[in-house]
Structure formats: C-alpha cells, structure tokens
Amino acid sequence: MKEFFYSLYALFFNISVRLFKLKENRVCFLSMHNEGFCDSLGSVCEGLKQTRSEAEAVFITREDLSVKNPLRLMSFFLVKSRLLATSKYVFLNDNFMPMGRLNFKSEAVITQLWHAEGAFKKFGFHISQPENVRKAEAEANRKLTYVVCSGEGVRDIYAGAFGVKREQVLALGAPRCDYLLSEKNREEARAELEALYPQTKGKRVVLYAPTFRDTKEANLEILRRFDTKKFTAALGEDYVLFVKLHPQVHESCTVENAVDVTEYDDVRKLALFCDVLITDYSSICMDFSFLDKKTVFFAYDLEDYRAKRDFYFDYEAYVPGEVARTVEECISAVKGEPDGERNKRFKEMNFSFFDERSAERVIDAIIK
C-alpha cells in the first residue's frame with residue numbers, strides 16, 4: 001500500500017514539474033517528523049519571516065497524511081505536491097520516502113536540516129535497514145543539495161550517514177539552538193511551565209526522559225527500573241520529578257509519584273525550565289549539554305542497547321555526564337556536582353556555534 005501511495009504522489013508531483021514554473025520566492029518546509037515545528041525547521045521558518053519578507057512559505061506536515069481527514073489527504077496529493085514541485089527552496093527535517101521518485105527541477109535547492117543535533121546514536125546509512133528501506137533512503141538522499149549539521153566535529157559523520165559528499169555538508173550550527181540562548185524564551189518557558197505546574201515554584205526540577213525500546217516488554221521495563229517512588233522520596237521536597245516518555249512507551253505505562261509531561265511537546269522549553277536531565281540514549285541530552293546543565297545517563301541495559309543500535313563513540317567515555325546503572329546511582333549523581341570538563345568536551349565535539357545566529361547562517365548560505 002505504501003508503494004502505491006509513494007507512486008501516486010510522485011505521479012502528481014512530476015506532472016506539476018512539467019506543467020508549472022518554479023517560483024523563485026517559494027520556500028517549502030517539509031516536516032514529516034515534528035509537525036509542531038519546535039526544531040531547526042521551525043527556527044529557519046521564523047528567521048525567514050523576519051529577514052526575507054518577500055519569501056512565500058508553504059508547509060507540508062505529517063498531519064496532511066491523516067486518513068481521518070479525507071479532504072486534507074486529497075490536498076496532500078493534488079495541491080501540496082504542486083506547491084513542492086514549484087518551490088525553489090525545500091527544507092526538511094527527516095526522510096521523506098517518496099523523495100527518490102520526485103523529479104525536481106535542476107534549479108531546486110533541497111536542504112536536510114535533520115531533527116537532532118550532533119552525533120550520538122548511529123543513524124542513516126550507518127545502521128542496518130531492510131533492503132527496500134535502504135534503497136528508498138539512498139534514492140531520496142541523492143536529491144539533496146545540502147545537509148546542515150551543528151558542528152565541524154560531526155561533519156564527516158553526517159556525510160556518511162546521508163551518503164553525500166563532504167562539501168555538501170554545511171557546519172552552520174543548529175538553528176533550533178538559537179531558541180535556547182534567548183533570555184526572553186527562558187523567561188517565557190518558566191512562566192508558562194510554572195503556571196501549568198505550580199508545585200515547581202522554588203524547587204529544582206529533574207526531567208526523566210528515556211528513549212523507547214524495540215519491544216513492549218522492554219518498554220515496560222523502563223519504569224520498572226526507574227523507581228519513581230524511591231527517587232522522589234530520596235530527593236525530598238526540594239525537588240520535583242517530571243517524566244516525559246516516548247509516545248510508544250506511554251501507551252503501556254502509568255506515571256506515578258511524578259508529574260507526567262509526556263503530552264508537553266516542546267522539549268526546548270522543558271530544557272530551559274528543568275535543572276537536571278536523566279536520560280539514557282536520547283538526543284535530548286544535546287539540549288542540556290548546550291545549556292551547560294547536568295545530565296545523568298541511566299543506562300541499565302547499555303550492553304543490550306549497544307548491540308542493537310550502537311553509538312558513534314564509546315558511550316561511557318563520550319556522554320557529558322555520569323553513567324548510572326541503578327536508581328540509587330541516579331539519586332547520588334543528581335545530588336553530586338556536574339563534570340564541567342566532560343560536558344565541555346562533548347559540546348566542542350558536537351557544536352561549533354554558541355550564538356543566536358545559526359538560522360541566519362543557514363538562510364544566508366542557501367537562499368540567494
């Protein structure tokens with residue numbers, strides 16, 4: 001069925017390419033990963049509004065594919081395909097599987113912003129995939145003009161992960177990190193989250209944000225291993241525990257003795273608001289490292305996870321914080337002092353810019 005839909009979309013797109021001219025001022029933001037635009041795609045879009053008033057922004061999101069909305073789904077094929085086909089500039093934040101079948105005009109500039117920063121878990125061509133998925137991914141990536149990464153230290157990794165030439169990878173910084181450096185955004189995040197969760201006022205907030213596992217049983221094990229009752233009792237009244245689960249995990253789990261923030265979508269605001277992060281293999285650690293905030297890595301199943309997914313570097317030596325195997329070790333690490341030197345090495349590896357101008361750099365480099 002997917003193959004049929006990919007072919008149908010490509011048919012409408014390729015007809016539009018032949019029938020309609022490219023619009024020099026049209027910029028398409030293609031978001032199959034984060035329809036809320038709380039990422040680099042959203043930051044570039046916002047920067048475009050502020051600096052290029054003549055630009056016409058059009059949007060294609062995951063919600064356009066909803067079978068619950070037949071009219072919107074029809075528009076995805078009949079209207080959105082034409083908008084994409086006539087866009088001079090295209091920015092996306094994830095793989096778009098029909099991409100390899102789309103015959104873009106030669107003048108079109110297609111830029112992959114990706115939805116994560118730096119290099120942590122392996123991704124793209126560096127992980128094993130079913131043959132048909134790998135083929136579709138390779139065909140799609142051949143359409144890319146540029147890939148943007150957060151720092152020079154990860155440029156070669158991104159070239160390999162996307163199967164593009166090194167010179168196609170632009171180490172211009174992570175546009176979504178512009179948001180994290182704004183004092184105004186920090187104040188707004190605090191006001192919003194304190195209003196939503198008044199019990200956090202005057203307290204230190206710990207965010208537990210684990211990634212999902214491959215099986216239902218392994219996902220259920222996440223909250224069995226992280227004993228929220230023991231954790232909150234040990235930290236006492238000076239702390240509040242937030243838990244943000246992956247949606248796939250949340251379906252099968254109930255969060256107790258903590259504040260469930262799974263449905264709160266903007267992780268940037270959580271990073272600005274929370275004082276300490278506990279995670280395992282999630283790229284959310286990039287945000288906390290960028291902000292010089294303490295992260296504890298609760299990696300009770302490290303060997304098993306490494307065997308299935310693996311990392312670019314030795315996990316225990318690379319991560320910007322203490323590695324814990326038990327909830328007791330997590331408690332001790334949260335109470336302890338952060339390792340500034342460890343975080344500094346991690347930041348310098350993954351980021352080249354620490355200003356509020358990454359979106360500006362991307363726009364200036366790509367949109368002529």
# chains A, B, ... in the order shown; residues from 1 in each chain; ligands from 1
>>> residues_around(residues="Ser43 (chain A)", least_positions_apart="5", cutoff="9 Å", atoms="only C-alpha atoms", output="PyMOL selection string")
chain A and resi 37-38+48+175-179+358-359
>>> select_by_dssp(residues="region 48-155 of chain A", states="strand (DSSP E or B)", output="list of chain:residue names")
A:Glu56, A:Ala57, A:Val58, A:Phe59, A:Ile60, A:Thr61, A:Ser87, A:Lys88, A:Tyr89, A:Val90, A:Phe91, A:Leu92, A:Val109, A:Ile110, A:Thr111, A:Gln112, A:Lys121, A:Tyr146, A:Val147, A:Val148, A:Cys149
>>> select_by_dssp(residues="region 87-323 of chain A", states="helix (DSSP H, G or I)", output="number ranges by chain")
A: 97-101, 124-126, 131-141, 152-162, 166-168, 176-180, 183-196, 198-200, 216-225, 228-235, 247-250, 267-273, 285-290, 302-308, 315-318
>>> closest_residue(among="A:Glu329, A:Asp314, A:Asp275, A:Glu322", to="Phe231 (chain A)", atoms="only C-alpha atoms")
A:Glu329
>>> residues_around(residues="Leu144 (chain A)", least_positions_apart="4", cutoff="9 Å", atoms="only C-alpha atoms", output="list in words")
Val109, Ile110, Thr111, Gln112, Ala140, Val164 and Gln168 of chain A
>>> decode(residues="region 119-135 of chain A", atoms="all heavy atoms", output="CSV table (one decimal), in the first residue's frame")
chain,number,residue,atom,x,y,z
A,119,ALA,N,26.3,14.1,17.1
A,119,ALA,CA,26.4,12.6,16.8
A,119,ALA,C,26.3,11.9,18.1
A,119,ALA,O,27.2,12.1,19.0
A,119,ALA,CB,27.7,12.4,16.1
A,120,PHE,N,25.4,11.0,18.2
A,120,PHE,CA,25.2,10.2,19.4
A,120,PHE,C,24.9,8.8,19.0
A,120,PHE,O,25.8,8.0,18.7
A,120,PHE,CB,24.1,10.8,20.3
A,120,PHE,CG,24.0,10.2,21.7
A,120,PHE,CD1,25.0,9.7,22.3
A,120,PHE,CD2,22.8,10.3,22.4
A,120,PHE,CE1,24.9,9.1,23.6
A,120,PHE,CE2,22.6,9.8,23.6
A,120,PHE,CZ,23.7,9.2,24.3
A,121,LYS,N,23.6,8.4,18.9
A,121,LYS,CA,23.3,7.1,18.3
A,121,LYS,C,23.6,7.1,16.8
A,121,LYS,O,23.4,8.1,16.1
A,121,LYS,CB,21.8,6.8,18.5
A,121,LYS,CG,21.5,6.5,20.0
A,121,LYS,CD,20.0,6.2,20.1
A,121,LYS,CE,19.1,7.4,19.8
A,121,LYS,NZ,17.7,7.2,20.2
A,122,LYS,N,24.0,6.0,16.2
A,122,LYS,CA,24.2,5.9,14.8
A,122,LYS,C,22.8,6.0,14.1
A,122,LYS,O,21.8,5.6,14.6
A,122,LYS,CB,24.8,4.6,14.4
A,122,LYS,CG,26.3,4.5,14.9
A,122,LYS,CD,26.9,3.2,14.4
A,122,LYS,CE,28.4,3.2,14.8
A,122,LYS,NZ,29.1,1.9,14.4
A,123,PHE,N,22.9,6.6,12.9
A,123,PHE,CA,21.6,6.8,12.1
A,123,PHE,C,21.9,6.7,10.6
A,123,PHE,O,23.1,6.6,10.2
A,123,PHE,CB,21.0,8.1,12.5
A,123,PHE,CG,21.7,9.3,12.1
A,123,PHE,CD1,21.3,10.0,11.0
A,123,PHE,CD2,22.8,9.8,12.8
A,123,PHE,CE1,22.0,11.2,10.6
A,123,PHE,CE2,23.5,11.0,12.5
A,123,PHE,CZ,23.1,11.7,11.3
A,124,GLY,N,20.9,6.8,9.8
A,124,GLY,CA,21.0,6.8,8.4
A,124,GLY,C,21.7,5.6,7.8
A,124,GLY,O,21.4,4.5,8.2
A,125,PHE,N,22.7,5.8,7.0
A,125,PHE,CA,23.4,4.7,6.3
A,125,PHE,C,24.3,4.0,7.3
A,125,PHE,O,24.9,2.9,6.9
A,125,PHE,CB,24.3,5.3,5.2
A,125,PHE,CG,23.5,5.7,4.0
A,125,PHE,CD1,22.1,5.6,3.9
A,125,PHE,CD2,24.1,6.1,2.8
A,125,PHE,CE1,21.4,6.0,2.8
A,125,PHE,CE2,23.4,6.5,1.7
A,125,PHE,CZ,22.0,6.4,1.7
A,126,HIS,N,24.5,4.5,8.5
A,126,HIS,CA,25.3,3.8,9.5
A,126,HIS,C,24.6,2.8,10.3
A,126,HIS,O,25.2,2.1,11.2
A,126,HIS,CB,26.0,4.9,10.4
A,126,HIS,CG,26.9,5.8,9.7
A,126,HIS,ND1,27.1,7.1,10.1
A,126,HIS,CD2,27.7,5.6,8.7
A,126,HIS,CE1,28.0,7.7,9.3
A,126,HIS,NE2,28.4,6.8,8.4
A,127,ILE,N,23.3,2.6,10.1
A,127,ILE,CA,22.6,1.5,10.8
A,127,ILE,C,22.1,0.5,9.7
A,127,ILE,O,21.9,0.9,8.5
A,127,ILE,CB,21.4,2.0,11.6
A,127,ILE,CG1,20.4,2.7,10.8
A,127,ILE,CG2,22.0,2.9,12.7
A,127,ILE,CD1,19.2,3.2,11.6
A,128,SER,N,21.8,-0.7,10.1
A,128,SER,CA,21.3,-1.7,9.2
A,128,SER,C,19.8,-1.4,9.0
A,128,SER,O,19.1,-1.0,9.9
A,128,SER,CB,21.4,-3.1,9.8
A,128,SER,OG,20.8,-3.2,11.0
A,129,GLN,N,19.3,-1.6,7.7
A,129,GLN,CA,18.0,-1.4,7.3
A,129,GLN,C,17.5,-2.5,6.4
A,129,GLN,O,18.4,-3.0,5.7
A,129,GLN,CB,17.8,0.0,6.6
A,129,GLN,CG,18.1,1.2,7.5
A,129,GLN,CD,16.9,1.7,8.2
A,129,GLN,OE1,16.0,0.9,8.5
A,129,GLN,NE2,16.8,3.0,8.4
A,130,PRO,N,16.2,-2.7,6.3
A,130,PRO,CA,15.8,-3.6,5.3
A,130,PRO,C,16.2,-3.1,3.9
A,130,PRO,O,16.2,-1.9,3.7
A,130,PRO,CB,14.2,-3.6,5.4
A,130,PRO,CG,14.0,-3.2,6.9
A,130,PRO,CD,15.1,-2.3,7.2
A,131,GLU,N,16.4,-4.0,3.0
A,131,GLU,CA,16.9,-3.6,1.7
A,131,GLU,C,16.1,-2.6,1.0
A,131,GLU,O,16.6,-1.6,0.4
A,131,GLU,CB,17.1,-4.8,0.8
A,131,GLU,CG,17.8,-4.5,-0.6
A,131,GLU,CD,18.0,-5.8,-1.4
A,131,GLU,OE1,17.9,-6.9,-0.8
A,131,GLU,OE2,18.3,-5.6,-2.6
A,132,ASN,N,14.7,-2.7,1.0
A,132,ASN,CA,13.9,-1.8,0.3
A,132,ASN,C,13.9,-0.4,1.0
A,132,ASN,O,13.8,0.6,0.3
A,132,ASN,CB,12.4,-2.3,0.3
A,132,ASN,CG,11.8,-2.5,1.7
A,132,ASN,OD1,12.5,-2.9,2.6
A,132,ASN,ND2,10.5,-2.2,1.8
A,133,VAL,N,14.0,-0.4,2.3
A,133,VAL,CA,14.1,0.9,3.0
A,133,VAL,C,15.4,1.6,2.7
A,133,VAL,O,15.5,2.8,2.4
A,133,VAL,CB,14.0,0.8,4.5
A,133,VAL,CG1,14.2,2.1,5.3
A,133,VAL,CG2,12.6,0.2,4.9
A,134,ARG,N,16.5,0.9,2.7
A,134,ARG,CA,17.8,1.4,2.4
A,134,ARG,C,17.8,2.0,0.9
A,134,ARG,O,18.4,3.1,0.7
A,134,ARG,CB,18.9,0.4,2.5
A,134,ARG,CG,20.3,0.7,2.0
A,134,ARG,CD,20.9,1.9,2.8
A,134,ARG,NE,21.4,1.4,4.0
A,134,ARG,CZ,21.1,1.9,5.2
A,134,ARG,NH1,20.1,2.8,5.3
A,134,ARG,NH2,21.6,1.4,6.3
A,135,LYS,N,17.2,1.3,0.0
A,135,LYS,CA,17.2,1.7,-1.4
A,135,LYS,C,16.4,3.0,-1.5
A,135,LYS,O,16.9,4.0,-2.2
A,135,LYS,CB,16.5,0.7,-2.3
A,135,LYS,CG,16.5,1.0,-3.7
A,135,LYS,CD,15.8,-0.1,-4.6
A,135,LYS,CE,15.7,0.4,-6.0
A,135,LYS,NZ,15.0,-0.6,-6.9
